[in-house]
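Inspection log for the structure reproduced underneath, given as structure tokens.
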Amino acid sequence: MRISIFGLGYVGAVTAGCLTSRGHYVVGVDVHPQKVDDFNNGIPPIVEPGLDELLKQAKEQNRLRATTDCADAIADTELSIVCVGTPSAPSGALDLRFVRTVAAQIAGAVRKKNTHHTLVFRSTMLPGSTERIVGEGLAELEKDSLLNVFYYPEFLRESTAVEDFENPSLAVVGSRDGSRPPEPLMESLFGVNASVVTWPTAEAVKYACNAFHATKITFANEIGRVGKQLSIDSKAVMSLLCQDTRLNISSYYLRPGNPFGGSCLPKDVRALMNQARVGGVQIPLLESLLSSNEKHLASLLSLITESGQKEAVILGLSFKSNTDDLRESPMVDVAQFLIGHGFPLRIYDPALNLASLIGANKRVIDTKMPHLAQLLQNDLGAAIGTEGVIIAAQKCAPVEELAKHVSRDHHVIDVNGWKELTQLPSRYEGFCW
Ligand SMILES: NC(=O)c1ccc[n+]([C@@H]2O[C@H](COP(=O)([O-])OP(=O)(O)OC[C@H]3O[C@@H](n4cnc5c(N)ncnc54)[C@H](O)[C@@H]3O)[C@@H](O)[C@H]2O)c1
């Protein structure tokens, strides 16, 4: 393919080098004449292992040139990849000035060329940016079948960028409606196994990944600081933590849904926070966990009140399915809130047998919900009733059973990603998605 690459920085230069090594012809475009000159001489404008050889070889094989002229690059290519910078504005907001400038230049050049062109944004942009930028001057070209636009986030790391480009840790491509790009493009650019989603989802994945990476680093550093305070080898601690690939280094606990609760997580986070505080060690990430969890619960309570329903049903009172442990269960807090706000409340939880509750578990009920027995329904139909907001915290019953009782007058809030609930005739609302 004949490809133009806008922005010859870390991402653009590596993309150019790697695509030429796959046999593509590449025209680099940058506003910096020095970068363009270097590129034209097969010299990388940045330091990146392996890139010198790729550019030198591409130059020798006449598969690489660069220009400052957008129209020249568009006329000479069928596909453009935008890799210009998206820096922070002083407020912290994302500055899309360079992307907008390039998009406007490309729009003019494609209109002039008047043959079909593919445009791929690779610059990191907040969800909704591609849609906005397309709306600002590219949509007409799309309508006239002169342009296809994709968002293709880049996950390479500087210093191993060439290797990462060839063997990406994740390949995701966004199209306007989430439909799969043409096969030749999948094969030559995105990879046949790339996940295809909509533009905003692809944009969001990049931010979620970077926020996750920052969280991992900060978490390890905070464990390190607490470890030092306690004269513990925190590298050994973290190395052992990583050995658990079922709960720790895995997709477990990485689904948006219920706030955390139960007899361990809140208690142990509190104890660790206290330990650090006593030793004068600041661990803002770990200290934020309980307050973030409270905010998560508060947003669920808002959603319940905003439903406008006058009655409420909780499916699953304990902190997770298949247990009767009520200690620090967020749903006990939800129940207390609903009772306090005068909602007639019904609770269905087949794992809960009040008669068998003992010890701390019983104390939760005695202190927080002494009237639980009157609210707990053994019969699903009686619990669901004829109307109200159903807070589906757990999969307490098969959807087919729920379907026998749930009506159009119900409003289901799916707390934990139980997507089959969309099959019910009631209004459906996902909690945090
Ligand atoms: N650097 C990384 O490791 C990395 C990894 C993944 C994603 N990203 C994202 O990729 C994008 C590019 O990052 P980078 O590190 O390569 O940036 P960079 O600053 O190194 O390079 C950007 C280039 O764009 C050029 N440019 C600006 N305006 C232009 C215009 N109108 N026409 C042509 N060129 C123009 C600049 O001169 C510069 O050479 C950013 O959105 C960044 O967040 C970066």
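The chains in the structure tokens are called A, B, ... from first to last as shown; in each chain the residues are counted from 1, and the ligands are counted from 1 in the order shown.
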
Taking only residues of chain A that have an atom at most 6 Å from an atom of ligand 1, what is each one's shortest atom pair and its distance in Å to one decimal, using only C-alpha atoms and all ligand atoms, in chain and number order, as a Markdown table?
| residue | atom | partner | partner_atom_place_in_ligand_line | distance |
| --- | --- | --- | --- | --- |
| A:Phe6 | CA | ligand 1 | 33 (C) | 4.8 |
| A:Gly7 | CA | ligand 1 | 24 (O) | 3.3 |
| A:Leu8 | CA | ligand 1 | 39 (O) | 4.4 |
| A:Gly9 | CA | ligand 1 | 21 (O) | 3.2 |
| A:Tyr10 | CA | ligand 1 | 16 (O) | 3.6 |
| A:Val11 | CA | ligand 1 | 16 (O) | 3.8 |
| A:Gly12 | CA | ligand 1 | 16 (O) | 5.6 |
| A:Val29 | CA | ligand 1 | 33 (C) | 5.2 |
| A:Asp30 | CA | ligand 1 | 34 (N) | 3.5 |
| A:Val31 | CA | ligand 1 | 33 (C) | 4.8 |
| A:His32 | CA | ligand 1 | 37 (O) | 5.3 |
| A:Cys83 | CA | ligand 1 | 12 (C) | 4.8 |
| A:Val84 | CA | ligand 1 | 24 (O) | 3.5 |
| A:Gly85 | CA | ligand 1 | 12 (C) | 4.1 |
| A:Thr86 | CA | ligand 1 | 41 (O) | 4.2 |
| A:Phe98 | CA | ligand 1 | 28 (N) | 4.7 |
| A:Thr101 | CA | ligand 1 | 31 (N) | 5.4 |
| A:Val102 | CA | ligand 1 | 31 (N) | 4.8 |
| A:Ser123 | CA | ligand 1 | 41 (O) | 3.5 |
| A:Thr124 | CA | ligand 1 | 41 (O) | 3.8 |
| A:Glu154 | CA | ligand 1 | 6 (C) | 4.6 |
| A:Phe155 | CA | ligand 1 | 6 (C) | 5.0 |
| A:Leu156 | CA | ligand 1 | 5 (C) | 5.1 |
| A:Arg157 | CA | ligand 1 | 3 (O) | 4.8 |
| A:Glu158 | CA | ligand 1 | 3 (O) | 4.8 |

Name the residues in contact with A:Ala360 at a cut-off of 10 Å, using only C-alpha atoms, excluding same-chain residues fewer than 6 positions from it; report them as a compact mmCIF listing (two decimals) with all heavy atoms, in the first residue's frame.
# COMPACT_ATOMS: atom_id res chain seq x y z
N SER A 263 -16.09 -9.42 54.41
CA SER A 263 -15.43 -9.40 55.71
C SER A 263 -13.94 -9.11 55.62
O SER A 263 -13.29 -8.92 56.64
CB SER A 263 -15.64 -10.76 56.40
OG SER A 263 -15.05 -11.76 55.59
N ASP A 325 -22.74 -14.23 53.80
CA ASP A 325 -21.96 -13.27 54.57
C ASP A 325 -22.45 -11.84 54.30
O ASP A 325 -22.38 -11.35 53.17
CB ASP A 325 -20.47 -13.39 54.19
CG ASP A 325 -19.58 -12.72 55.23
OD1 ASP A 325 -20.11 -11.98 56.08
OD2 ASP A 325 -18.36 -12.96 55.18
N LEU A 326 -22.97 -11.22 55.32
CA LEU A 326 -23.53 -9.87 55.17
C LEU A 326 -22.57 -8.79 55.66
O LEU A 326 -22.87 -7.60 55.54
CB LEU A 326 -24.83 -9.76 55.96
CG LEU A 326 -25.97 -10.66 55.47
CD1 LEU A 326 -27.12 -10.64 56.47
CD2 LEU A 326 -26.46 -10.22 54.10
N ARG A 327 -21.40 -9.21 56.18
CA ARG A 327 -20.50 -8.21 56.76
C ARG A 327 -20.00 -7.24 55.69
O ARG A 327 -19.47 -7.66 54.67
CB ARG A 327 -19.32 -8.91 57.46
CG ARG A 327 -19.73 -9.55 58.77
CD ARG A 327 -18.63 -10.38 59.34
NE ARG A 327 -18.34 -11.55 58.50
CZ ARG A 327 -17.31 -12.37 58.69
NH1 ARG A 327 -16.46 -12.14 59.67
NH2 ARG A 327 -17.14 -13.41 57.92
N ASP A 366 -28.76 -7.54 63.31
CA ASP A 366 -29.35 -7.01 64.55
C ASP A 366 -29.15 -5.50 64.66
O ASP A 366 -30.03 -4.78 65.12
CB ASP A 366 -28.74 -7.71 65.77
CG ASP A 366 -29.19 -9.16 65.83
OD1 ASP A 366 -30.15 -9.49 65.11
OD2 ASP A 366 -28.56 -9.96 66.55

A:Ile106 environment, 8 Å, only C-alpha atoms, sequence neighbours closer than 3 positions dropped, as a PDB file with all heavy atoms, in the first residue's frame:
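Written file, around-v8.pdb:
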ATOM      1  N   CYS A  70       1.254  18.601   2.806  1.00  0.00           N
ATOM      2  CA  CYS A  70       0.156  17.633   3.003  1.00  0.00           C
ATOM      3  C   CYS A  70      -0.441  17.178   1.666  1.00  0.00           C
ATOM      4  O   CYS A  70      -0.646  15.983   1.433  1.00  0.00           O
ATOM      5  CB  CYS A  70      -0.912  18.270   3.875  1.00  0.00           C
ATOM      6  SG  CYS A  70      -2.442  17.348   3.955  1.00  0.00           S
ATOM      7  N   ALA A  71      -0.720  18.149   0.784  1.00  0.00           N
ATOM      8  CA  ALA A  71      -1.384  17.807  -0.484  1.00  0.00           C
ATOM      9  C   ALA A  71      -0.526  16.848  -1.306  1.00  0.00           C
ATOM     10  O   ALA A  71      -1.035  15.895  -1.924  1.00  0.00           O
ATOM     11  CB  ALA A  71      -1.676  19.076  -1.273  1.00  0.00           C
ATOM     12  N   ILE A  74      -0.902  13.369   0.252  1.00  0.00           N
ATOM     13  CA  ILE A  74      -2.212  12.752   0.009  1.00  0.00           C
ATOM     14  C   ILE A  74      -2.319  12.303  -1.452  1.00  0.00           C
ATOM     15  O   ILE A  74      -2.805  11.204  -1.750  1.00  0.00           O
ATOM     16  CB  ILE A  74      -3.352  13.747   0.363  1.00  0.00           C
ATOM     17  CG1 ILE A  74      -3.353  14.034   1.865  1.00  0.00           C
ATOM     18  CG2 ILE A  74      -4.722  13.215  -0.086  1.00  0.00           C
ATOM     19  CD1 ILE A  74      -3.679  12.862   2.763  1.00  0.00           C
ATOM     20  N   VAL A 102      -4.253  18.923  11.059  1.00  0.00           N
ATOM     21  CA  VAL A 102      -3.946  17.877  10.076  1.00  0.00           C
ATOM     22  C   VAL A 102      -5.236  17.382   9.418  1.00  0.00           C
ATOM     23  O   VAL A 102      -5.287  17.188   8.194  1.00  0.00           O
ATOM     24  CB  VAL A 102      -3.190  16.715  10.771  1.00  0.00           C
ATOM     25  CG1 VAL A 102      -3.172  15.485   9.901  1.00  0.00           C
ATOM     26  CG2 VAL A 102      -1.773  17.136  11.079  1.00  0.00           C
ATOM     27  N   ALA A 103      -6.287  17.200  10.224  1.00  0.00           N
ATOM     28  CA  ALA A 103      -7.558  16.694   9.668  1.00  0.00           C
ATOM     29  C   ALA A 103      -8.098  17.662   8.615  1.00  0.00           C
ATOM     30  O   ALA A 103      -8.563  17.247   7.546  1.00  0.00           O
ATOM     31  CB  ALA A 103      -8.580  16.490  10.783  1.00  0.00           C
ATOM     32  N   ALA A 109      -7.126  18.179   0.897  1.00  0.00           N
ATOM     33  CA  ALA A 109      -6.309  17.465  -0.092  1.00  0.00           C
ATOM     34  C   ALA A 109      -7.072  16.286  -0.706  1.00  0.00           C
ATOM     35  O   ALA A 109      -6.950  16.009  -1.904  1.00  0.00           O
ATOM     36  CB  ALA A 109      -5.025  16.984   0.569  1.00  0.00           C
ATOM     37  N   VAL A 110      -7.896  15.611   0.114  1.00  0.00           N
ATOM     38  CA  VAL A 110      -8.669  14.471  -0.423  1.00  0.00           C
ATOM     39  C   VAL A 110      -9.739  14.988  -1.395  1.00  0.00           C
ATOM     40  O   VAL A 110      -9.973  14.405  -2.451  1.00  0.00           O
ATOM     41  CB  VAL A 110      -9.321  13.650   0.721  1.00  0.00           C
ATOM     42  CG1 VAL A 110     -10.311  12.625   0.177  1.00  0.00           C
ATOM     43  CG2 VAL A 110      -8.261  12.963   1.554  1.00  0.00           C
TER      44      VAL A 110
END

Every residue of stretch 104-265 of chain A that DSSP places in alpha helix (DSSP H), as number ranges by chain: A: 104-113, 129-135, 139-143, 161-166, 183-185, 199-229, 234-243, 265

- prompt: If you count only C-alpha atoms, which residues fall within 8 Å of A:Gly42, apart from same-chain ones fewer than 6 positions away, as a list in words?
  reply: Asp52, Leu55, Lys56, Gln57, Ala58, Lys59 and Leu64 of chain A

Selected residues, N, CA and C atoms, written as a PDB file, in the first residue's frame, please.
ATOM      1  N   ASP A  52      17.012   2.809  13.063  1.00  0.00           N
ATOM      2  CA  ASP A  52      18.022   3.244  12.079  1.00  0.00           C
ATOM      3  C   ASP A  52      18.069   2.275  10.896  1.00  0.00           C
ATOM      4  N   LEU A  55      14.890   2.392   8.611  1.00  0.00           N
ATOM      5  CA  LEU A  55      14.787   3.576   7.748  1.00  0.00           C
ATOM      6  C   LEU A  55      15.872   3.551   6.666  1.00  0.00           C
ATOM      7  N   LYS A  56      17.061   3.083   7.061  1.00  0.00           N
ATOM      8  CA  LYS A  56      18.174   3.019   6.092  1.00  0.00           C
ATOM      9  C   LYS A  56      17.792   2.059   4.955  1.00  0.00           C
ATOM     10  N   GLN A  57      17.283   0.923   5.339  1.00  0.00           N
ATOM     11  CA  GLN A  57      16.894  -0.083   4.340  1.00  0.00           C
ATOM     12  C   GLN A  57      15.767   0.445   3.445  1.00  0.00           C
ATOM     13  N   ALA A  58      14.788   1.113   4.062  1.00  0.00           N
ATOM     14  CA  ALA A  58      13.650   1.647   3.293  1.00  0.00           C
ATOM     15  C   ALA A  58      14.138   2.681   2.287  1.00  0.00           C
ATOM     16  N   LYS A  59      15.088   3.499   2.729  1.00  0.00           N
ATOM     17  CA  LYS A  59      15.639   4.535   1.847  1.00  0.00           C
ATOM     18  C   LYS A  59      16.336   3.873   0.650  1.00  0.00           C
ATOM     19  N   LEU A  64      10.690   5.103   0.925  1.00  0.00           N
ATOM     20  CA  LEU A  64      10.491   6.093   1.980  1.00  0.00           C
ATOM     21  C   LEU A  64      10.872   7.480   1.493  1.00  0.00           C
TER      22      LEU A  64
END

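Each of A:Pro266, A:Pro344, A:Gly279, A:Gly261 was checked against A:Lys320 using only C-alpha atoms; the smallest atom-to-atom distance is that of A:Gly261.
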
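Closest approach to A:Arg97 among A:Ser329, A:Ala351, A:Lys112, A:Ser129: A:Ser129, based on only C-alpha atoms.
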
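Listed by chain and then by rising number, the residues of stretch 93-255 of chain A that DSSP assigns to strand (DSSP E) from the backbone are His117, Thr118, Leu119, Val120, Phe121, Leu147, Asn148, Val149, Phe150, Tyr151, Val172, Val173, Gly174, Ser175, Ser195, Val196, Val197 and Thr198 of chain A.
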
- prompt: Using only C-alpha atoms, which residues sit within 12 Å of A:Gly417 once same-chain residues fewer than 2 positions away are excluded, as a ChimeraX atom specification?
  reply: /A:254-258,391-395,412-415,419-422,428-433

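You can rank A:Gln61, A:Gln309, A:Ser91, A:Ser159 by their closest distance to A:Ile390 using only C-alpha atoms, and at the top of that list sits A:Gln309.
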
I'd like the neighbourhood of stretch 47-50 of chain A as an mmCIF file with N, CA and C atoms, in the first residue's frame, where a residue qualifies if any of its atoms comes within 7 Å (using only C-alpha atoms), though same-chain residues fewer than 3 positions away should be ignored.
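File produced: result.cif:
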data_model
loop_
_atom_site.group_PDB
_atom_site.id
_atom_site.type_symbol
_atom_site.label_atom_id
_atom_site.label_comp_id
_atom_site.auth_asym_id
_atom_site.auth_seq_id
_atom_site.Cartn_x
_atom_site.Cartn_y
_atom_site.Cartn_z
ATOM 1 N N PRO A 44 16.659 8.455 11.487
ATOM 2 C CA PRO A 44 15.508 8.602 12.392
ATOM 3 C C PRO A 44 15.533 9.941 13.114
ATOM 4 N N GLU A 53 18.153 0.970 11.225
ATOM 5 C CA GLU A 53 18.285 -0.036 10.167
ATOM 6 C C GLU A 53 17.052 -0.036 9.268
ATOM 7 N N LEU A 54 15.869 0.066 9.906
ATOM 8 C CA LEU A 54 14.621 0.017 9.118
ATOM 9 C C LEU A 54 14.564 1.187 8.136
ATOM 10 N N SER A 159 11.551 2.770 23.474
ATOM 11 C CA SER A 159 12.722 1.913 23.746
ATOM 12 C C SER A 159 12.517 0.457 23.302
ATOM 13 N N THR A 160 11.237 0.032 23.202
ATOM 14 C CA THR A 160 10.979 -1.299 22.613
ATOM 15 C C THR A 160 9.899 -1.126 21.541
ATOM 16 N N VAL A 162 9.811 -0.721 18.213
ATOM 17 C CA VAL A 162 9.793 -1.500 16.964
ATOM 18 C C VAL A 162 9.239 -2.895 17.256
#

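Using only C-alpha atoms, the smallest distance between any of A:Ala104, A:Leu189, A:Ala403, A:Leu372 and A:Thr20 comes from A:Leu189.
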